[in-house]
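This is my_file11.txt (compact mmCIF, C-alpha atoms and all ligand atoms).
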```txt
# COMPACT_ATOMS: atom_id res chain seq x y z
CA MET A 1329 45.44 24.50 4.04
CA PRO A 1330 42.23 24.58 6.10
CA ALA A 1331 39.90 27.52 5.46
CA LYS A 1332 40.38 28.71 9.02
CA GLU A 1333 43.97 29.64 8.31
CA LEU A 1334 43.16 31.32 5.04
CA PHE A 1335 40.87 33.70 6.90
CA PRO A 1336 42.45 34.39 10.27
CA LEU A 1337 40.47 36.39 12.82
CA PRO A 1338 40.97 40.12 12.39
CA ASP A 1339 42.75 42.21 14.99
CA PHE A 1340 40.41 43.30 17.79
CA PRO A 1341 40.52 44.05 21.53
CA ARG A 1342 39.27 41.09 23.61
CA ASP A 1343 37.80 42.97 26.55
CA LEU A 1344 37.38 46.38 28.16
CA PRO A 1345 40.82 46.52 29.85
CA GLU A 1346 42.51 45.67 26.56
CA PHE A 1347 40.33 48.22 24.75
CA GLU A 1348 41.33 50.94 27.20
CA ARG A 1349 45.01 50.03 27.10
CA ARG A 1350 45.05 50.01 23.33
CA PHE A 1351 43.07 53.10 22.46
CA GLY A 1352 44.36 55.49 25.07
CA ASP A 1353 45.37 58.20 22.61
CA GLU A 1354 44.51 59.63 19.20
CA ALA A 1355 47.55 58.17 17.46
CA ALA A 1356 46.66 54.60 18.48
CA CYS A 1357 43.07 55.07 17.25
CA ALA A 1358 44.36 56.50 13.96
CA VAL A 1359 46.60 53.48 13.38
CA TYR A 1360 43.71 51.11 13.96
CA LEU A 1361 41.25 53.09 11.87
CA ARG A 1362 43.72 53.26 9.02
CA ALA A 1363 44.18 49.48 9.09
CA GLN A 1364 40.41 48.93 9.07
CA ARG A 1365 39.83 51.42 6.30
CA TRP A 1366 42.56 50.06 4.02
CA PRO A 1367 42.80 46.37 4.95
CA GLN A 1368 44.92 45.77 1.84
CA GLY A 1369 47.11 48.75 2.64
CA PHE A 1370 46.75 52.44 1.78
CA ARG A 1371 46.37 53.41 -1.85
CA CYS A 1372 46.35 57.08 -2.84
CA PRO A 1373 43.05 57.99 -4.53
CA ALA A 1374 44.82 60.69 -6.57
CA CYS A 1375 47.84 58.85 -7.98
CA GLY A 1376 47.53 55.20 -6.91
CA HIS A 1377 50.78 55.23 -4.93
CA ASP A 1378 50.78 52.73 -2.05
CA ARG A 1379 52.84 54.53 0.57
CA GLY A 1380 51.55 57.22 2.88
CA TRP A 1381 52.11 58.48 6.38
CA THR A 1382 49.55 59.54 8.96
CA ASN A 1383 50.10 63.17 9.91
CA HIS A 1384 49.17 65.02 13.08
CA ARG A 1385 45.86 66.16 11.55
CA GLN A 1386 44.62 62.55 11.31
CA ALA A 1387 45.04 62.47 7.55
CA VAL A 1388 47.06 60.05 5.46
CA GLU A 1389 49.42 61.94 3.22
CA CYS A 1390 50.53 60.28 -0.02
CA GLY A 1391 54.29 59.68 -0.12
CA SER A 1392 54.41 60.43 -3.83
CA CYS A 1393 52.03 63.29 -4.72
CA GLY A 1394 51.33 64.71 -1.25
CA HIS A 1395 47.56 64.26 -1.57
CA GLN A 1396 45.87 64.08 1.84
CA VAL A 1397 42.99 61.83 2.79
CA SER A 1398 41.31 62.55 6.09
CA LEU A 1399 40.95 59.32 8.06
CA THR A 1400 37.36 60.14 8.93
CA ALA A 1401 36.16 61.58 5.59
CA GLY A 1402 33.59 59.32 3.98
CA THR A 1403 33.17 57.26 7.16
CA VAL A 1404 30.47 57.28 9.85
CA MET A 1405 32.63 59.93 11.55
CA HIS A 1406 32.54 62.19 8.48
CA GLY A 1407 32.89 65.87 9.36
CA THR A 1408 33.38 65.24 13.08
CA ARG A 1409 35.37 67.59 15.27
CA GLN A 1410 35.40 65.14 18.14
CA PRO A 1411 38.41 62.96 18.97
CA LEU A 1412 38.64 59.47 17.51
CA GLN A 1413 38.94 58.15 21.05
CA LEU A 1414 35.42 59.30 21.80
CA TRP A 1415 34.04 57.64 18.69
CA PHE A 1416 35.89 54.44 19.46
CA ARG A 1417 34.40 54.43 22.92
CA ALA A 1418 30.91 55.00 21.50
CA MET A 1419 31.35 52.04 19.16
CA TRP A 1420 32.71 49.85 21.92
CA TRP A 1421 29.81 50.54 24.27
CA VAL A 1422 27.16 50.21 21.57
CA CYS A 1423 28.54 46.79 20.64
CA THR A 1424 29.21 45.41 24.06
CA GLN A 1425 26.10 46.46 25.98
CA LYS A 1426 23.64 43.62 25.75
CA THR A 1427 20.69 45.94 25.22
CA GLY A 1428 22.56 48.76 23.51
CA LEU A 1429 22.46 52.35 24.65
CA SER A 1430 19.93 55.13 24.57
CA ALA A 1431 21.02 58.61 23.49
CA ALA A 1432 20.90 59.64 27.16
CA GLY A 1433 23.08 56.66 28.10
CA LEU A 1434 25.64 57.44 25.43
CA LYS A 1435 25.73 61.11 26.39
CA ARG A 1436 26.40 60.15 29.99
CA ILE A 1437 29.08 57.55 29.28
CA LEU A 1438 31.01 59.77 26.87
CA GLY A 1439 30.31 63.07 28.57
CA LEU A 1440 28.93 64.50 25.32
CA GLY A 1441 27.63 68.06 25.34
CA SER A 1442 24.15 67.44 24.01
CA MET A 1443 21.43 64.86 23.50
CA GLN A 1444 21.33 65.91 19.87
CA THR A 1445 24.95 64.85 19.35
CA ALA A 1446 24.47 61.56 21.19
CA TRP A 1447 21.32 60.73 19.25
CA THR A 1448 22.90 61.63 15.90
CA TRP A 1449 25.95 59.47 16.64
CA LEU A 1450 23.70 56.50 17.34
CA GLN A 1451 21.84 57.05 14.07
CA LYS A 1452 25.15 57.17 12.19
CA LEU A 1453 26.36 53.96 13.80
CA ARG A 1454 23.06 52.30 12.86
CA GLN A 1455 23.82 53.17 9.23
CA ALA A 1456 26.96 51.04 9.50
CA MET A 1457 25.12 48.20 11.24
CA VAL A 1458 22.68 47.60 8.39
CA ARG A 1459 25.50 47.16 5.93
CA LEU A 1460 26.75 44.21 7.95
CA GLU A 1461 23.58 42.27 7.21
CA ARG A 1462 24.00 41.37 3.59
CA GLU A 1463 23.99 37.58 3.48
CA PRO A 1464 20.35 36.58 2.81
CA LEU A 1465 18.52 34.27 5.19
CA GLN A 1466 18.25 30.68 4.03
CA GLY A 1467 16.87 27.26 4.79
CA ARG A 1468 13.56 27.37 6.60
CA VAL A 1469 12.39 30.92 7.25
CA GLU A 1470 9.27 32.11 9.06
CA VAL A 1471 7.94 35.31 7.48
CA ASP A 1472 5.06 37.45 8.66
CA GLU A 1473 3.97 40.97 9.42
CA ALA A 1474 2.84 42.30 12.76
CA TRP A 1475 1.77 45.46 14.54
CA LEU A 1476 4.73 46.53 16.60
CA ALA A 1477 2.37 47.68 19.36
CA GLY A 1478 0.85 44.20 19.70
CA ASP A 1479 -2.75 43.31 18.95
CA ARG A 1480 -3.63 46.55 17.23
CA PRO A 1481 -1.90 49.67 15.95
CA GLY A 1482 -1.28 52.35 18.53
CA LYS A 1483 -2.27 56.00 18.25
CA GLY A 1484 -0.24 59.05 17.29
CA GLU A 1485 2.81 59.02 15.05
CA GLY A 1486 5.35 57.11 17.09
CA TRP A 1487 6.70 53.57 16.61
CA ARG A 1488 3.49 52.12 18.06
CA THR A 1489 1.69 52.80 14.79
CA ALA A 1490 4.20 50.75 12.80
CA ARG A 1491 3.57 47.55 10.94
CA VAL A 1492 6.74 45.53 10.52
CA ALA A 1493 7.81 42.64 8.33
CA VAL A 1494 9.76 40.01 10.24
CA ALA A 1495 11.76 37.07 8.90
CA VAL A 1496 13.28 34.45 11.22
CA GLU A 1497 15.48 31.51 10.25
CA VAL A 1498 14.21 28.32 11.86
CA ASP A 1499 16.68 25.66 12.93
CA PRO A 1500 15.38 22.46 11.32
CA GLY A 1501 16.61 20.43 14.31
CA ASP A 1502 15.28 22.15 17.42
CA GLY A 1503 13.03 24.81 15.91
CA GLU A 1504 15.11 27.52 17.58
CA MET A 1505 15.65 30.93 16.04
CA GLY A 1506 18.61 31.68 13.81
CA ARG A 1507 19.22 35.04 12.17
CA ILE A 1508 16.46 37.61 11.67
CA ARG A 1509 15.54 40.59 9.52
CA LEU A 1510 13.13 43.48 10.21
CA LEU A 1511 11.55 46.11 7.99
CA ASP A 1512 9.07 48.90 8.68
CA ILE A 1513 6.42 48.32 5.99
CA THR A 1514 3.77 50.72 7.29
CA ARG A 1515 3.84 52.95 4.21
CA ALA A 1516 2.92 50.21 1.72
CA PRO A 1517 2.56 46.83 3.45
CA ASP A 1518 1.94 44.59 0.43
CA ARG A 1519 4.56 45.98 -1.89
CA LEU A 1520 7.19 46.37 0.82
CA MET A 1521 6.60 42.84 2.14
CA LEU A 1522 7.35 41.32 -1.25
CA GLY A 1523 10.44 43.50 -1.67
CA PHE A 1524 11.53 42.49 1.83
CA VAL A 1525 11.37 38.77 1.01
CA ARG A 1526 13.25 39.25 -2.28
CA GLN A 1527 15.94 41.32 -0.64
CA GLU A 1528 16.46 39.44 2.60
CA ILE A 1529 15.72 35.79 1.87
CA PHE A 1530 17.56 33.48 -0.47
CA PRO A 1531 15.26 32.35 -3.33
CA ARG A 1532 15.73 28.64 -2.61
CA ALA A 1533 14.46 29.05 0.95
CA LEU A 1534 11.34 27.41 2.32
CA ILE A 1535 9.19 30.22 3.66
CA GLN A 1536 6.64 29.54 6.38
CA THR A 1537 3.83 32.07 6.08
CA ASP A 1538 0.22 32.86 6.78
CA SER A 1539 -2.47 32.69 4.10
CA TRP A 1540 -1.78 36.06 2.46
CA PRO A 1541 -2.16 35.44 -1.31
CA GLY A 1542 0.54 37.99 -2.12
CA PHE A 1543 3.19 35.37 -1.35
CA ASP A 1544 2.00 33.44 -4.44
CA HIS A 1545 3.90 36.02 -6.54
CA LEU A 1546 7.15 34.61 -5.20
CA ALA A 1547 6.71 31.02 -6.37
CA PRO A 1548 8.04 31.64 -9.90
CA GLU A 1549 11.18 33.12 -8.34
CA GLY A 1550 12.05 29.85 -6.61
CA TYR A 1551 10.64 30.40 -3.12
CA ARG A 1552 8.86 27.37 -1.74
CA ARG A 1553 6.08 28.07 0.71
CA VAL A 1554 4.31 26.38 3.59
CA ARG A 1555 1.21 27.97 5.09
CA LEU A 1556 1.13 27.77 8.86
CA THR A 1557 -2.19 29.54 9.47
CA ASP A 1558 -5.42 30.33 7.68
CA THR A 1559 -5.45 34.02 8.53
CA ASP A 1560 -3.33 36.94 7.37
CA ASP A 1561 -4.14 39.24 10.26
CA PRO A 1562 -1.12 41.28 11.48
CA ALA A 1563 -2.64 41.17 14.96
CA HIS A 1564 -1.94 37.42 15.09
CA PRO A 1565 1.54 36.84 13.71
CA LEU A 1566 3.25 33.45 13.51
CA PRO A 1567 4.91 32.24 16.74
CA LEU A 1568 8.57 33.11 16.09
CA VAL A 1569 7.61 36.43 14.55
CA ARG A 1570 5.51 37.12 17.63
CA ARG A 1571 8.50 36.39 19.90
CA ILE A 1572 10.72 38.76 17.95
CA VAL A 1573 8.12 41.51 17.97
CA THR A 1574 7.77 41.15 21.73
CA LEU A 1575 11.54 41.46 22.17
CA VAL A 1576 11.71 44.52 19.92
CA ARG A 1577 8.84 46.14 21.77
CA ARG A 1578 10.48 45.49 25.15
CA TRP A 1579 13.75 46.95 23.88
CA LEU A 1580 12.06 50.11 22.59
CA LEU A 1581 10.16 50.51 25.83
CA GLY A 1582 13.14 49.65 28.04
CA THR A 1583 16.38 51.01 26.61
CA HIS A 1584 14.65 53.78 24.67
CA GLN A 1585 11.73 54.38 27.04
CA GLY A 1586 9.31 54.23 24.13
CA ARG A 1587 10.58 57.52 22.70
CA VAL A 1588 11.09 56.58 19.08
CA ALA A 1589 9.48 58.40 16.18
CA ARG A 1590 8.08 56.20 13.46
CA ARG A 1591 10.17 57.92 10.81
CA HIS A 1592 13.34 56.86 12.61
CA LEU A 1593 12.17 53.40 13.53
CA GLN A 1594 14.07 51.57 10.78
CA GLY A 1595 17.43 52.58 12.26
CA TYR A 1596 16.40 51.10 15.61
CA LEU A 1597 15.22 47.92 13.89
CA ASP A 1598 18.59 47.66 12.13
CA GLU A 1599 20.39 47.99 15.44
CA PHE A 1600 18.18 45.34 17.02
CA VAL A 1601 18.92 42.94 14.14
CA PHE A 1602 22.66 43.65 14.39
CA ARG A 1603 22.74 42.73 18.05
CA PHE A 1604 20.27 39.85 17.90
CA ASN A 1605 22.13 38.11 15.08
CA ARG A 1606 25.33 38.22 17.08
CA ARG A 1607 23.82 37.28 20.42
CA LYS A 1608 25.81 34.05 20.57
CA SER A 1609 29.12 35.52 19.45
CA PRO A 1610 31.75 34.63 22.06
CA GLN A 1611 33.90 37.59 21.04
CA ILE A 1612 32.33 40.96 21.79
CA GLY A 1613 35.47 42.71 20.57
CA LEU A 1614 34.88 41.20 17.15
CA LEU A 1615 31.62 43.13 16.88
CA PHE A 1616 33.52 46.30 17.60
CA GLN A 1617 36.04 45.52 14.86
CA ARG A 1618 33.24 44.77 12.37
CA LEU A 1619 31.47 48.00 13.22
CA ILE A 1620 34.63 50.07 12.73
CA SER A 1621 35.54 48.33 9.49
CA GLN A 1622 32.01 48.73 8.13
CA GLY A 1623 31.75 52.23 9.56
CA ALA A 1624 34.87 53.14 7.57
CA MET A 1625 32.90 52.54 4.36
CA VAL A 1626 29.64 54.32 5.18
CA GLN A 1627 29.42 58.10 5.22
CA GLY A 1628 27.52 59.23 8.30
CA ARG A 1629 24.61 61.52 7.58
CA PRO A 1630 24.60 64.82 9.43
CA TYR A 1631 22.03 65.86 12.02
CA ARG A 1632 20.21 68.09 9.53
CA PHE A 1633 19.46 65.03 7.42
CA TRP A 1634 17.88 63.18 10.32
CA ALA A 1635 16.07 66.26 11.55
CA LYS A 1636 14.16 66.72 8.31
CA HIS A 1637 14.02 63.03 7.42
CA GLU A 1638 10.58 62.21 6.01
CA GLY A 1639 8.81 65.39 6.75
CA SER A 1640 7.69 67.05 9.90
CA GLY A 1641 11.22 67.84 11.13
CA LYS A 1642 10.90 67.93 14.86
CA ALA A 1643 13.63 69.81 16.62
CA ARG A 1644 14.70 66.75 18.57
CA PRO A 1645 13.96 63.71 16.46
CA GLY A 1646 13.60 60.43 18.25
CA ILE A 1647 13.63 62.08 21.66
CA ARG A 1648 10.00 62.98 21.84
ZN ZN B 1701 49.30 60.29 -4.43
```

If you convert what's in this file into structure tokens, what do you get?
Ligand SMILES: [Zn+2]
Amino acid sequence: MPAKELFPLPDFPRDLPEFERRFGDEAACAVYLRAQRWPQGFRCPACGHDRGWTNHRQAVECGSCGHQVSLTAGTVMHGTRQPLQLWFRAMWWVCTQKTGLSAAGLKRILGLGSMQTAWTWLQKLRQAMVRLEREPLQGRVEVDEAWLAGDRPGKGEGWRTARVAVAVEVDPGDGEMGRIRLLDITRAPDRLMLGFVRQEIFPRALIQTDSWPGFDHLAPEGYRRVRLTDTDDPAHPLPLVRRIVTLVRRWLLGTHQGRVARRHLQGYLDEFVFRFNRRKSPQIGLLFQRLISQGAMVQGRPYRFWAKHEGSGKARPGIR
């Protein structure tokens, strides 16, 4: 049997009309969420029984011992008091908008009560996006660091001060870009760059780099290396890295109007990677399904976590 039939496409809405038809009430969302959360079928965490029914409080109740599992507990929607429908809509719009959504945009589309809620929801969804990016890059990969602001670091404490590691798969045929990875390495550029390569790039890859001697540490681990330039200045990154940095910068300045705190930057980078790596996907609904299925396995962090994340604890993080 061909592999295609062993792994059929999952169940997902094809377009907006189908999405709206399908998820018009809480019960329909609950059915879908349950299927995404237990793709092999429900299994009671208390007794292991495999039958349960979804009750009116959006919990699955074990048919044997009566144990109840909230459908949203332990997911990106953990602790929410908002309807599933609203969350589904948030995930749909985040996946299907070519440039994503700002907190203000999400608030408007969903009619949410506050910017704080909208911003926190986006951060939670970004948590689920990063988990989708586990398969390391391979083949020929351009790796470099760059100032996100361009030729030099910007002032203040926003994203413009960030130094990012960028990895881009290079198509050996036409030199076009494949998948990418991004990491904020401002805190400890050298150490974080090496960790980034180890984590995100398959050891048999051929990495195209600048002249930074730190990359020599990777040779014993199987990475082969080609130097493309004689400098290791983050103001002059390699060409594909430069293109990616330009796109990221435009996205932060456009969709997010430049209002991104450095301490929250990584979430934005994760979202950019999520969307960029699926830019050629013909099925936007498939992104939605992947986000829900991954979001069912990641517990969303509450606003108070983000608010005090890495220090200064501004009242409205990310919306400065
Ligand atoms: Zn049970």

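The closest residue to ligand ZN 1701 (chain B), picked from A:Ile1508, A:Ile1535, A:Ala1358, A:Val1397 and counting only C-alpha atoms and all ligand atoms, is A:Val1397.
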
Exercise: Val1404 in chain A partners within 12 Å, all atoms listed in the file, chain neighbours under 6 positions left out, as a PyMOL selection string: chain A and resi 1361+1365+1412+1415-1416+1418-1419+1448-1457+1459+1619-1630

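Between Gln1425 in chain A and the residues A:Leu1460, A:Ile1437, A:Ala1474, A:Ala1635, the shortest atom-to-atom distance, using only C-alpha atoms, involves A:Ile1437.
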
Test item: residues at most 7 Å from range 1566-1576 of chain A, only C-alpha atoms, excluding those fewer than 4 positions along its chain, as an NGL selection string: :A and (1472 or 1476 or 1494 or 1496 or 1580)

Surrounding residues of range 1502-1507 of chain A excluding itself and chain neighbours under 6 positions, 10 Å, only C-alpha atoms, as a VMD selection string: chain A and resid 1461 1464 to 1466 1468 to 1470 1495 to 1496 1568 to 1569 1571 to 1572 1601 to 1602 1604 to 1607

Nearby polymer residues, ligand ZN 1701 (chain B), at most 12 Å, only C-alpha atoms and all ligand atoms, as a PyMOL selection string: chain A and resi 1370-1381+1388-1397

Quick one: what's the axis-aligned box for range 1359-1367 of chain A, all listed atoms, 3 Å on every side, centre and edges in Å to one decimal, as lines of an AutoDock Vina configuration file?
```
center_x = 43.2
center_y = 49.9
center_z = 9.0
size_x = 12.8
size_y = 13.1
size_z = 15.9
```
